[in-house]
Amino acid sequence: MNRTESNLLLLLPSQDSVFFNGVIATTAAVLAVQLFTSSNPLGSTFRLLGQFRKQEKALTSGPSVKTAIDEYNRLHSTESADERNANYKSLVNSYYDLATLFYEWGWGSSFHFAHRQKFESFAESIRKHEYFLASKLNLIKEKRDNDVKLHILDVGCGIGGPMRNICRFTGCDITGITLNEYQVQRGNELCINEFGSNPPCRSIQGDFMKMEKLESDSFDAAYAIEATCHAPNRATCYREIFRVLKPGAIFACYEWCVTDKYNPKNSDHCLIKKQIEEGDGLPDLAATSVCSEALVEAGFELLEERDMALAKAHYSWYLPLTPSWNPFTQRFQFNWLGLKLTKYALKIMEFLWLA
């Protein structure tokens with residue numbers, strides 16, 4: 001009896017056809033967002049491409065993007081935060097040399113989170129978050145008592161989104177300080193675009209751990225928005241802010257912290273903390289109690305503290321980072337299909353020598 005052999009022919013799509021289909025799907029999704037939402041992905045992308053060359057000339061972390069990536073990965077390759085704290089300038093500069101363009105492209109000019117109420121847009125929630133912090137600076141009383149234009153310090157200003165919004169909101173003169181030279185150039189460019197050749201706010205390059213360019217007792221108020229978490233030592237950072245403030249002036253701050261529930265012996269807790277540090281260019285996340293004690297040690301009187309993650313809101317602060325199947329939001333990129341489309345978009349950019 002002869003055994004009959006059968007052959008099974010599988011028709012699988014080639015890599016070229018998968019790539020081509022990915023290109024079509026990506027293009028369709030982008031056009032849908034462009035046509036049917038208030039977002040402007042095409043305009044933002046053209047601006048991004050135009051900024052690549054300018055940004056690479058302003059790199060401060062190394063001679064090339066690859067050098068910056070290698071240095072950043074090296075500093076985060078160990079579990080101990082000692083080397084990252086000792087080399088915080090290199091860590092932060094490498095991170096923002098790599099991330100600033102994409103932050104502005106995908107998030108906006110304000111590099112921070114915010115909880116959101118129902119019927120409130122993302123941009124509105126960002127501005128509200130900034131205005132709330134500005135309302136804590138006691139500027140109305142200061143203006144009434146002194147009848148002069150107040151001078152505020154933005155500690156770790158990025159490209160100045162909050163600085164420009166708070167400048168409009170308060171009518172105050174604002175100086176922002178940031179470590180990264182490209183952020184200074186881009187921030188000042190945006191200030192001039194918005195306010196004209198003599199803007200009431202500007203960015204300067206400097207280290208908020210040692211603000212040598214700023215005189216003591218020279219600012220009427222100061223604020224920081226998710227920035228001083230880059231500091232290797234909170235007390236030293238806060239002490240320098242205290243130095244440049246006039247007596248009685250207020251410093252208001254949003255700070256990334258771990259709570260008292262964090263357990264350094266819990267592997268899940270450690271992994272989450274480590275991934276946040278890697279994803280945000282942080283040397284080492286500090287506990288809320290460490291930050292509060294550091295403020296008092298620096299000379300401040302602690303007037304108010306709260307966990308903003310627990311604020312009552314219709315939408316949580318982390319919502320923009322959660323997956324969604326709505327193709328008209330940036331959250332679409334976090335589902336499995338969006339991840340594939342993002343992968344293909346990056347392949348296209350690599351093919352065109354843009355990434």
# chains A, B, ... in the order shown; residues from 1 in each chain; ligands from 1
$ residues_around --residues "Phe251 (chain A)" --least-positions-apart "3" --cutoff "8 Å" --atoms "only C-alpha atoms" --output "list in words"
Leu137, Ala221, Ala222 and Tyr223 of chain A
$ residues_around --residues "region 287-290 of chain A" --least-positions-apart "5" --cutoff "6 Å" --atoms "only C-alpha atoms" --output "list in words"
Cys257, Val258 and Thr259 of chain A
$ atom_distance --atom1 "CA of Glu350 (chain A)" --atom2 "CA of Arg74 (chain A)"
23.6 Å
$ atom_distance --atom1 "CA of Thr27 (chain A)" --atom2 "CA of Asp97 (chain A)"
27.9 Å
